[in-house]
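Peer 1: This is the structure I want to talk about, given as structure tokens.
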Amino acid sequence: MAHKPFDVATKQLVQSDPLAWLRLLGLPGTNAELIDADLATIVAEADRILRVTNPDYLAHFELQSTYKPDRGNRMLFYNVVAYYKYRIPVHSAIILLRKEADGPAMTGRVAYGTLDFQYQIVRIWEKSPEDILYAALALLPLAPITNVAADSLPGVIKRMEARIDSEARPEDRGLIWTTTWLLLGLKYDPEFSRHLLKGVVAMKESSTYQYTLEEGRVEEARRMLFLFGSKRLGEPDARTRAIVDNMTSQQVEQLATRLLEVESWDRLLD
């Protein structure tokens, strides 16, 4: 799975307030926490899985910005494997971040023999901005991509700014604005987004912005290393994955340059 910068930023927001995202899906529960979504060697890493209590279940959701006709089948696969691993009910949902991610295959159900699997679809552009502006801070970056006209965006940003300045911890403000900027990029050109957020945050000076871009780079570097390395050296074991997961993007890229020079993952990591 290719990890774009907004994937990394939104994951941090989910971690900061899992219940907020549960409420976005309209789901019950008094407590929720983001758990390890790596469903072992059976399946690639899923997007987000929340462990919910009272009632007890898993909420698995994917944030999607492009149209993927096979996504329903993958949601069924993730749902079954997550249930197999954790043995509690699993609610599956797709959060579509823009209209380009929608299409005829986004039906919310998959028929397989006698099985009729249903999953939830949330289309962010159909949401009222008011629903998000009054919601938890962790959801505020979604406000500019809701059902709001471009000429109304300055007012939305002003209202976001008022809430962030008065309610957000100083260490969280950079994350919220960086995610806002990244999500705006799904719908508007960079120059418009920069002009809209001008004076709100110096994006390139934001440590969160720099961290997000670095995380995006290292995730993509790992993905490519494992993809091409598996073809030559076989599937990496858990130890190899753990070592690579703790490397910087530069270190991972250096490993990739040596793939053709070694015959095993152990030699590559020497």
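Residue numbering restarts at 1 for every chain of the structure tokens, chains are lettered A, B, ... in their displayed order, and ligands are numbered from 1 as they appear.
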If you run DSSP on the backbone, which residues of segment 23-265 of chain A are strand (DSSP E or B), as a PyMOL selection string?

Peer 2: chain A and resi 31-34+48-53+57-64+90-96+109-112+115-118+120-123

Peer 1: Could you write out, as a CSV table (one decimal) with N, CA and C atoms, in the first residue's frame, all the residues of segment 5-189 of chain A that DSSP marks as helix (DSSP H, G or I)?

Peer 2:
chain,number,residue,atom,x,y,z
A,5,PRO,N,1.2,11.4,2.1
A,5,PRO,CA,1.4,12.2,3.3
A,5,PRO,C,0.1,12.4,4.2
A,6,PHE,N,-1.1,12.5,3.5
A,6,PHE,CA,-2.3,12.7,4.3
A,6,PHE,C,-2.7,11.4,5.0
A,7,ASP,N,-2.2,10.2,4.5
A,7,ASP,CA,-2.4,9.0,5.3
A,7,ASP,C,-1.7,9.0,6.6
A,8,VAL,N,-0.5,9.5,6.6
A,8,VAL,CA,0.3,9.6,7.9
A,8,VAL,C,-0.3,10.6,8.8
A,9,ALA,N,-0.7,11.8,8.3
A,9,ALA,CA,-1.3,12.8,9.1
A,9,ALA,C,-2.6,12.4,9.7
A,10,THR,N,-3.5,11.8,8.9
A,10,THR,CA,-4.8,11.4,9.4
A,10,THR,C,-4.7,10.3,10.4
A,11,LYS,N,-3.7,9.4,10.3
A,11,LYS,CA,-3.5,8.4,11.3
A,11,LYS,C,-3.1,9.0,12.6
A,12,GLN,N,-2.3,10.0,12.6
A,12,GLN,CA,-2.0,10.7,13.9
A,12,GLN,C,-3.3,11.3,14.5
A,13,LEU,N,-4.2,11.8,13.7
A,13,LEU,CA,-5.4,12.4,14.2
A,13,LEU,C,-6.3,11.3,14.8
A,14,VAL,N,-6.3,10.2,14.1
A,14,VAL,CA,-7.1,9.1,14.7
A,14,VAL,C,-6.5,8.6,16.0
A,15,GLN,N,-5.2,8.6,16.1
A,15,GLN,CA,-4.6,8.2,17.4
A,15,GLN,C,-4.9,9.2,18.5
A,16,SER,N,-5.0,10.5,18.1
A,16,SER,CA,-5.2,11.6,19.1
A,16,SER,C,-6.6,11.5,19.7
A,18,PRO,N,-9.6,8.7,19.0
A,18,PRO,CA,-10.3,7.6,18.3
A,18,PRO,C,-11.8,7.8,18.3
A,19,LEU,N,-12.3,8.2,19.5
A,19,LEU,CA,-13.8,8.3,19.7
A,19,LEU,C,-14.4,9.3,18.7
A,20,ALA,N,-13.6,10.4,18.3
A,20,ALA,CA,-14.1,11.4,17.3
A,20,ALA,C,-14.4,10.7,16.0
A,21,TRP,N,-13.6,9.8,15.6
A,21,TRP,CA,-13.7,9.1,14.3
A,21,TRP,C,-14.8,8.1,14.4
A,22,LEU,N,-15.0,7.5,15.6
A,22,LEU,CA,-16.1,6.6,15.8
A,22,LEU,C,-17.4,7.3,15.6
A,23,ARG,N,-17.5,8.5,16.2
A,23,ARG,CA,-18.7,9.4,16.1
A,23,ARG,C,-19.0,9.8,14.6
A,24,LEU,N,-17.9,10.0,13.9
A,24,LEU,CA,-18.1,10.4,12.4
A,24,LEU,C,-18.8,9.3,11.7
A,71,ARG,N,-12.4,-2.4,-4.0
A,71,ARG,CA,-12.3,-2.1,-2.6
A,71,ARG,C,-13.3,-2.9,-1.8
A,72,GLY,N,-14.5,-3.1,-2.3
A,72,GLY,CA,-15.5,-3.8,-1.6
A,72,GLY,C,-15.0,-5.2,-1.3
A,73,ASN,N,-14.4,-5.9,-2.3
A,73,ASN,CA,-13.9,-7.2,-2.0
A,73,ASN,C,-12.8,-7.2,-1.0
A,74,ARG,N,-11.9,-6.2,-1.0
A,74,ARG,CA,-10.9,-6.1,0.0
A,74,ARG,C,-11.4,-5.8,1.4
A,75,MET,N,-12.5,-5.0,1.5
A,75,MET,CA,-13.2,-4.8,2.8
A,75,MET,C,-13.7,-6.1,3.3
A,76,LEU,N,-14.3,-6.9,2.5
A,76,LEU,CA,-14.8,-8.2,2.9
A,76,LEU,C,-13.6,-9.1,3.4
A,77,PHE,N,-12.5,-9.1,2.7
A,77,PHE,CA,-11.3,-9.8,3.1
A,77,PHE,C,-10.8,-9.4,4.5
A,78,TYR,N,-10.6,-8.0,4.6
A,78,TYR,CA,-10.1,-7.5,5.9
A,78,TYR,C,-11.1,-7.8,7.0
A,79,ASN,N,-12.4,-7.7,6.8
A,79,ASN,CA,-13.4,-8.0,7.8
A,79,ASN,C,-13.3,-9.4,8.3
A,80,VAL,N,-13.2,-10.4,7.4
A,80,VAL,CA,-13.1,-11.8,7.8
A,80,VAL,C,-11.8,-12.1,8.5
A,81,VAL,N,-10.7,-11.5,8.0
A,81,VAL,CA,-9.4,-11.8,8.7
A,81,VAL,C,-9.3,-11.1,10.0
A,82,ALA,N,-9.8,-9.9,10.2
A,82,ALA,CA,-9.8,-9.2,11.4
A,82,ALA,C,-10.7,-10.0,12.5
A,83,TYR,N,-11.8,-10.5,12.0
A,83,TYR,CA,-12.6,-11.3,12.9
A,83,TYR,C,-11.9,-12.6,13.3
A,84,TYR,N,-11.2,-13.2,12.4
A,84,TYR,CA,-10.5,-14.5,12.7
A,84,TYR,C,-9.4,-14.2,13.7
A,85,LYS,N,-8.7,-13.0,13.6
A,85,LYS,CA,-7.6,-12.7,14.5
A,85,LYS,C,-8.1,-12.3,15.9
A,86,TYR,N,-9.2,-11.5,16.0
A,86,TYR,CA,-9.6,-10.9,17.2
A,86,TYR,C,-10.9,-11.6,17.8
A,99,LYS,N,-15.2,13.3,-4.5
A,99,LYS,CA,-16.1,12.7,-5.5
A,99,LYS,C,-15.3,11.7,-6.4
A,100,GLU,N,-14.1,12.0,-6.7
A,100,GLU,CA,-13.3,11.2,-7.7
A,100,GLU,C,-13.1,9.8,-7.1
A,101,ALA,N,-13.3,9.6,-5.8
A,101,ALA,CA,-13.1,8.3,-5.2
A,101,ALA,C,-14.4,7.5,-5.3
A,124,ILE,N,-17.6,12.3,2.3
A,124,ILE,CA,-17.3,13.5,3.1
A,124,ILE,C,-17.9,14.8,2.4
A,125,TRP,N,-17.9,14.8,1.1
A,125,TRP,CA,-18.4,16.0,0.4
A,125,TRP,C,-20.0,16.2,0.5
A,126,GLU,N,-20.6,15.1,1.1
A,126,GLU,CA,-22.1,15.2,1.3
A,126,GLU,C,-22.3,15.8,2.7
A,129,PRO,N,-20.7,21.3,6.5
A,129,PRO,CA,-19.5,21.8,7.2
A,129,PRO,C,-19.9,22.0,8.7
A,130,GLU,N,-21.1,22.3,9.0
A,130,GLU,CA,-21.5,22.6,10.4
A,130,GLU,C,-21.3,21.3,11.2
A,131,ASP,N,-21.6,20.1,10.6
A,131,ASP,CA,-21.5,18.9,11.4
A,131,ASP,C,-20.0,18.7,11.8
A,132,ILE,N,-19.1,19.1,11.0
A,132,ILE,CA,-17.7,19.0,11.3
A,132,ILE,C,-17.1,20.1,12.2
A,133,LEU,N,-17.6,21.3,11.9
A,133,LEU,CA,-17.1,22.5,12.7
A,133,LEU,C,-17.5,22.4,14.2
A,137,LEU,N,-12.0,18.3,17.7
A,137,LEU,CA,-10.9,18.9,17.0
A,137,LEU,C,-10.3,18.0,16.0
A,138,ALA,N,-10.2,16.7,16.3
A,138,ALA,CA,-9.5,15.8,15.4
A,138,ALA,C,-10.2,15.6,14.1
A,139,LEU,N,-11.4,16.1,13.9
A,139,LEU,CA,-12.2,16.0,12.7
A,139,LEU,C,-12.1,17.3,11.9
A,140,LEU,N,-11.7,18.4,12.5
A,140,LEU,CA,-11.7,19.7,11.9
A,140,LEU,C,-11.1,19.8,10.5
A,141,PRO,N,-9.9,19.1,10.2
A,141,PRO,CA,-9.3,19.2,8.9
A,141,PRO,C,-10.3,18.7,7.8
A,142,LEU,N,-11.3,18.0,8.1
A,142,LEU,CA,-12.3,17.5,7.1
A,142,LEU,C,-13.2,18.6,6.6
A,143,ALA,N,-13.4,19.7,7.5
A,143,ALA,CA,-14.4,20.7,7.2
A,143,ALA,C,-14.2,21.3,5.8
A,144,PRO,N,-13.0,21.7,5.3
A,144,PRO,CA,-12.9,22.3,4.0
A,144,PRO,C,-13.3,21.4,2.8
A,145,ILE,N,-13.4,20.1,3.0
A,145,ILE,CA,-13.7,19.2,1.9
A,145,ILE,C,-15.1,18.7,2.1
A,150,ALA,N,-16.3,27.0,-2.6
A,150,ALA,CA,-14.9,27.6,-2.5
A,150,ALA,C,-15.0,29.0,-1.9
A,151,ASP,N,-16.0,29.8,-2.3
A,151,ASP,CA,-16.0,31.2,-1.8
A,151,ASP,C,-16.4,31.3,-0.3
A,152,SER,N,-16.9,30.2,0.3
A,152,SER,CA,-17.2,30.2,1.7
A,152,SER,C,-16.1,29.6,2.5
A,153,LEU,N,-15.0,29.1,1.9
A,153,LEU,CA,-13.9,28.5,2.6
A,153,LEU,C,-13.2,29.5,3.6
A,154,PRO,N,-13.0,30.7,3.2
A,154,PRO,CA,-12.3,31.6,4.2
A,154,PRO,C,-13.1,31.7,5.5
A,155,GLY,N,-14.4,31.7,5.5
A,155,GLY,CA,-15.2,31.7,6.7
A,155,GLY,C,-15.0,30.5,7.5
A,156,VAL,N,-15.0,29.3,6.8
A,156,VAL,CA,-14.7,28.0,7.5
A,156,VAL,C,-13.4,28.0,8.2
A,157,ILE,N,-12.4,28.5,7.5
A,157,ILE,CA,-11.0,28.5,8.0
A,157,ILE,C,-11.0,29.4,9.3
A,158,LYS,N,-11.7,30.6,9.2
A,158,LYS,CA,-11.7,31.5,10.4
A,158,LYS,C,-12.3,30.8,11.6
A,159,ARG,N,-13.4,30.0,11.4
A,159,ARG,CA,-14.1,29.3,12.5
A,159,ARG,C,-13.2,28.2,13.0
A,160,MET,N,-12.5,27.6,12.1
A,160,MET,CA,-11.5,26.5,12.5
A,160,MET,C,-10.4,27.2,13.4
A,161,GLU,N,-9.9,28.3,12.9
A,161,GLU,CA,-8.8,29.0,13.6
A,161,GLU,C,-9.3,29.4,15.0
A,162,ALA,N,-10.5,29.9,15.2
A,162,ALA,CA,-11.0,30.3,16.5
A,162,ALA,C,-11.0,29.1,17.5
A,163,ARG,N,-11.5,28.0,17.0
A,163,ARG,CA,-11.6,26.8,17.8
A,163,ARG,C,-10.2,26.2,18.2
A,164,ILE,N,-9.3,26.2,17.2
A,164,ILE,CA,-8.0,25.6,17.4
A,164,ILE,C,-7.2,26.5,18.4
A,165,ASP,N,-7.3,27.8,18.2
A,165,ASP,CA,-6.6,28.7,19.1
A,165,ASP,C,-7.0,28.6,20.5
A,166,SER,N,-8.3,28.4,20.7
A,166,SER,CA,-8.9,28.4,22.1
A,166,SER,C,-8.9,27.0,22.7
A,167,GLU,N,-9.0,25.9,21.9
A,167,GLU,CA,-9.2,24.6,22.5
A,167,GLU,C,-8.0,23.6,22.3
A,170,PRO,N,-1.0,23.4,22.2
A,170,PRO,CA,0.0,24.0,21.2
A,170,PRO,C,0.6,23.0,20.4
A,171,GLU,N,0.9,21.8,21.0
A,171,GLU,CA,1.7,20.7,20.2
A,171,GLU,C,0.8,20.1,19.2
A,172,ASP,N,-0.6,20.2,19.3
A,172,ASP,CA,-1.5,19.6,18.3
A,172,ASP,C,-1.9,20.5,17.2
A,173,ARG,N,-1.6,21.8,17.3
A,173,ARG,CA,-2.1,22.8,16.3
A,173,ARG,C,-1.4,22.6,15.0
A,174,GLY,N,-0.1,22.3,15.0
A,174,GLY,CA,0.6,22.0,13.7
A,174,GLY,C,0.0,20.8,13.0
A,175,LEU,N,-0.3,19.8,13.7
A,175,LEU,CA,-0.9,18.6,13.1
A,175,LEU,C,-2.2,18.9,12.5
A,176,ILE,N,-3.1,19.6,13.2
A,176,ILE,CA,-4.4,19.9,12.6
A,176,ILE,C,-4.3,20.7,11.3
A,177,TRP,N,-3.4,21.8,11.4
A,177,TRP,CA,-3.3,22.6,10.2
A,177,TRP,C,-2.6,21.9,9.0
A,178,THR,N,-1.6,21.1,9.3
A,178,THR,CA,-0.9,20.4,8.3
A,178,THR,C,-1.9,19.4,7.6
A,179,THR,N,-2.7,18.7,8.4
A,179,THR,CA,-3.6,17.8,7.8
A,179,THR,C,-4.7,18.5,7.0
A,180,THR,N,-5.1,19.7,7.4
A,180,THR,CA,-6.0,20.5,6.7
A,180,THR,C,-5.4,20.9,5.3
A,181,TRP,N,-4.2,21.3,5.3
A,181,TRP,CA,-3.5,21.7,4.1
A,181,TRP,C,-3.4,20.5,3.1
A,182,LEU,N,-3.1,19.3,3.7
A,182,LEU,CA,-2.9,18.1,2.8
A,182,LEU,C,-4.3,17.7,2.2
A,183,LEU,N,-5.3,17.8,3.0
A,183,LEU,CA,-6.6,17.4,2.5
A,183,LEU,C,-7.2,18.4,1.5
A,184,LEU,N,-6.9,19.7,1.7
A,184,LEU,CA,-7.3,20.7,0.8
A,184,LEU,C,-6.7,20.3,-0.6

Peer 1: Please indicate the distance in Å from atom CA of Glu219 of chain A to atom CA of Ala238 of chain A, rounded to one decimal place.

Peer 2: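 For atom CA of Glu219 of chain A relative to atom CA of Ala238 of chain A, the distance reads 16.7 Å.
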
Peer 1: Counting only C-alpha atoms, which of A:Ser92, A:Gln118, A:Asn147, A:Thr257 gets nearest to Phe61 of chain A?

Peer 2: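 The closest residue to Phe61 of chain A is A:Ser92.
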
Peer 1: Which of these residues is nearest to Gln254 of chain A, using only C-alpha atoms: A:Leu268, A:Ala136, A:Val110, A:Leu97?

Peer 2: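 When distances to Gln254 of chain A are compared using only C-alpha atoms, the smallest one comes from A:Leu268.
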
Peer 1: If we count only C-alpha atoms and set the cut-off at 8 Å, which residues sit around Arg222 of chain A, ignoring sequence neighbours fewer than 3 positions away in its own chain? Please answer as number ranges by chain.

Peer 2: A: 218-219, 225-226, 244-245, 249, 252

Peer 1: Keeping only N, CA and C atoms, write those residues as a short mmCIF file (atom, residue, chain, number, x, y, z; two decimals), in the first residue's frame.

Peer 2:
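Final output, saved to result_32.cif:
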data_model
loop_
_atom_site.label_atom_id
_atom_site.label_comp_id
_atom_site.auth_asym_id
_atom_site.auth_seq_id
_atom_site.Cartn_x
_atom_site.Cartn_y
_atom_site.Cartn_z
N VAL A 218 9.40 7.54 4.06
CA VAL A 218 9.93 6.28 4.59
C VAL A 218 8.95 5.13 4.38
N GLU A 219 7.65 5.41 4.47
CA GLU A 219 6.66 4.35 4.21
C GLU A 219 6.75 3.88 2.76
N LEU A 225 11.02 -1.42 -1.09
CA LEU A 225 12.05 -2.38 -0.70
C LEU A 225 11.46 -3.77 -0.53
N PHE A 226 10.35 -3.87 0.18
CA PHE A 226 9.72 -5.18 0.40
C PHE A 226 9.15 -5.75 -0.91
N VAL A 244 13.66 -3.04 9.47
CA VAL A 244 13.43 -2.03 8.42
C VAL A 244 12.44 -0.97 8.89
N ASP A 245 11.46 -1.38 9.69
CA ASP A 245 10.46 -0.43 10.18
C ASP A 245 11.06 0.64 11.08
N SER A 249 14.19 6.92 5.95
CA SER A 249 14.02 6.73 4.51
C SER A 249 15.37 6.60 3.81
N VAL A 252 16.71 3.06 4.33
CA VAL A 252 15.97 2.08 3.52
C VAL A 252 16.38 2.19 2.06
#

Peer 1: So that I can check the surroundings of Ile94 of chain A, please list as a PyMOL selection string every protein, DNA and RNA residue that reaches within 7 Å of it, counting only C-alpha atoms and ignoring chain neighbours fewer than 4 positions away.

Peer 2: chain A and resi 61-64+120-122

Peer 1: Please list as a PyMOL selection string every residue within 10 Å of Pro28 of chain A, counting only C-alpha atoms and excluding residues in the same chain fewer than 3 positions away.

Peer 2: chain A and resi 19+22-23+25+31-32+52-57

Peer 1: Within 12 Å of Pro236 of chain A, counting only C-alpha atoms, which residues qualify if same-chain residues fewer than 2 places away don't, as number ranges by chain?

Peer 2: A: 41, 222-223, 225-234, 238-245, 264-266, 268-269
